[in-house]
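Worksheet: one structure, shown below.
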Amino acid sequence: MTPLKIGACLAPREIEDHRNWLFDSDRDIELQGFSLHKDLTTEF
């Protein structure tokens with residue numbers, strides 16, 4: 001059985017604070033709140 005990974009439920013502006021933790025292990029992200037396309041495509 002594959003071990004489960006914990007994902008995160010974040011507002012788009014919070015992703016940068018947790019970027020390494022999220023992307024190093026390919027964790028799932030559930031976006032909370034209203035977002036514009038530019039919020040999700042802007043490089044930090």
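Numbering starts fresh at 1 for the residues of each chain in the structure tokens, the chains themselves are lettered A, B, ... in the order given, and ligands are numbered from 1 as they appear.
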
I want to know what sits within 9 Å of segment 8-21 of chain A, based on only C-alpha atoms, with residues of the same chain fewer than 3 positions away left out; could you give that as a PDB file with N, CA and C atoms, in the first residue's frame?
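Full text of around.pdb as output:
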ATOM      1  N   ASP A  24       8.062  19.815  -3.175  1.00  0.00           N
ATOM      2  CA  ASP A  24       9.098  18.789  -3.038  1.00  0.00           C
ATOM      3  C   ASP A  24       8.510  17.387  -3.018  1.00  0.00           C
ATOM      4  N   SER A  25       7.303  17.241  -2.528  1.00  0.00           N
ATOM      5  CA  SER A  25       6.666  15.926  -2.442  1.00  0.00           C
ATOM      6  C   SER A  25       5.427  15.807  -3.311  1.00  0.00           C
ATOM      7  N   ASP A  26       5.243  16.731  -4.252  1.00  0.00           N
ATOM      8  CA  ASP A  26       4.077  16.707  -5.152  1.00  0.00           C
ATOM      9  C   ASP A  26       2.763  16.549  -4.388  1.00  0.00           C
ATOM     10  N   ARG A  27       2.564  17.407  -3.412  1.00  0.00           N
ATOM     11  CA  ARG A  27       1.344  17.348  -2.606  1.00  0.00           C
ATOM     12  C   ARG A  27       0.185  18.020  -3.328  1.00  0.00           C
ATOM     13  N   ASP A  28      -1.030  17.588  -3.015  1.00  0.00           N
ATOM     14  CA  ASP A  28      -2.237  18.196  -3.569  1.00  0.00           C
ATOM     15  C   ASP A  28      -2.485  19.541  -2.897  1.00  0.00           C
ATOM     16  N   ILE A  29      -3.036  20.474  -3.681  1.00  0.00           N
ATOM     17  CA  ILE A  29      -3.393  21.789  -3.149  1.00  0.00           C
ATOM     18  C   ILE A  29      -4.857  22.050  -3.479  1.00  0.00           C
ATOM     19  N   GLU A  30      -5.621  22.392  -2.458  1.00  0.00           N
ATOM     20  CA  GLU A  30      -6.992  22.845  -2.666  1.00  0.00           C
ATOM     21  C   GLU A  30      -6.985  24.351  -2.462  1.00  0.00           C
ATOM     22  N   LEU A  31      -7.356  25.093  -3.498  1.00  0.00           N
ATOM     23  CA  LEU A  31      -7.361  26.545  -3.404  1.00  0.00           C
ATOM     24  C   LEU A  31      -8.644  27.034  -2.763  1.00  0.00           C
ATOM     25  N   GLN A  32      -8.505  27.934  -1.808  1.00  0.00           N
ATOM     26  CA  GLN A  32      -9.639  28.508  -1.104  1.00  0.00           C
ATOM     27  C   GLN A  32      -9.820  29.953  -1.519  1.00  0.00           C
ATOM     28  N   GLY A  33     -11.049  30.362  -1.671  1.00  0.00           N
ATOM     29  CA  GLY A  33     -11.344  31.746  -1.982  1.00  0.00           C
ATOM     30  C   GLY A  33     -11.291  32.025  -3.469  1.00  0.00           C
ATOM     31  N   PHE A  34     -11.709  33.198  -3.808  1.00  0.00           N
ATOM     32  CA  PHE A  34     -11.757  33.626  -5.194  1.00  0.00           C
ATOM     33  C   PHE A  34     -10.360  34.012  -5.666  1.00  0.00           C
ATOM     34  N   SER A  35     -10.002  33.605  -6.880  1.00  0.00           N
ATOM     35  CA  SER A  35      -8.696  33.916  -7.449  1.00  0.00           C
ATOM     36  C   SER A  35      -8.851  34.375  -8.889  1.00  0.00           C
ATOM     37  N   ASP A  39      -3.248  35.600 -10.494  1.00  0.00           N
ATOM     38  CA  ASP A  39      -2.779  35.139  -9.182  1.00  0.00           C
ATOM     39  C   ASP A  39      -2.142  33.765  -9.269  1.00  0.00           C
ATOM     40  N   LEU A  40      -2.602  32.950 -10.185  1.00  0.00           N
ATOM     41  CA  LEU A  40      -2.109  31.583 -10.297  1.00  0.00           C
ATOM     42  C   LEU A  40      -0.977  31.435 -11.301  1.00  0.00           C
ATOM     43  N   PHE A  44       6.809  33.921  -8.322  1.00  0.00           N
ATOM     44  CA  PHE A  44       7.228  34.587  -7.085  1.00  0.00           C
ATOM     45  C   PHE A  44       8.721  34.662  -7.019  1.00  0.00           C
TER      46      PHE A  44
END

Enumerate, as an MDAnalysis selection string, the complete set of residues in chain A that a backbone-based DSSP assignment places in helix (DSSP H, G or I). chainID A and resid 12:14 16:24 37:41

Using DSSP on the backbone coordinates, identify the residues of chain A assigned to strand (DSSP E or B); present them as a ChimeraX atom specification. /A:8-10,29-31
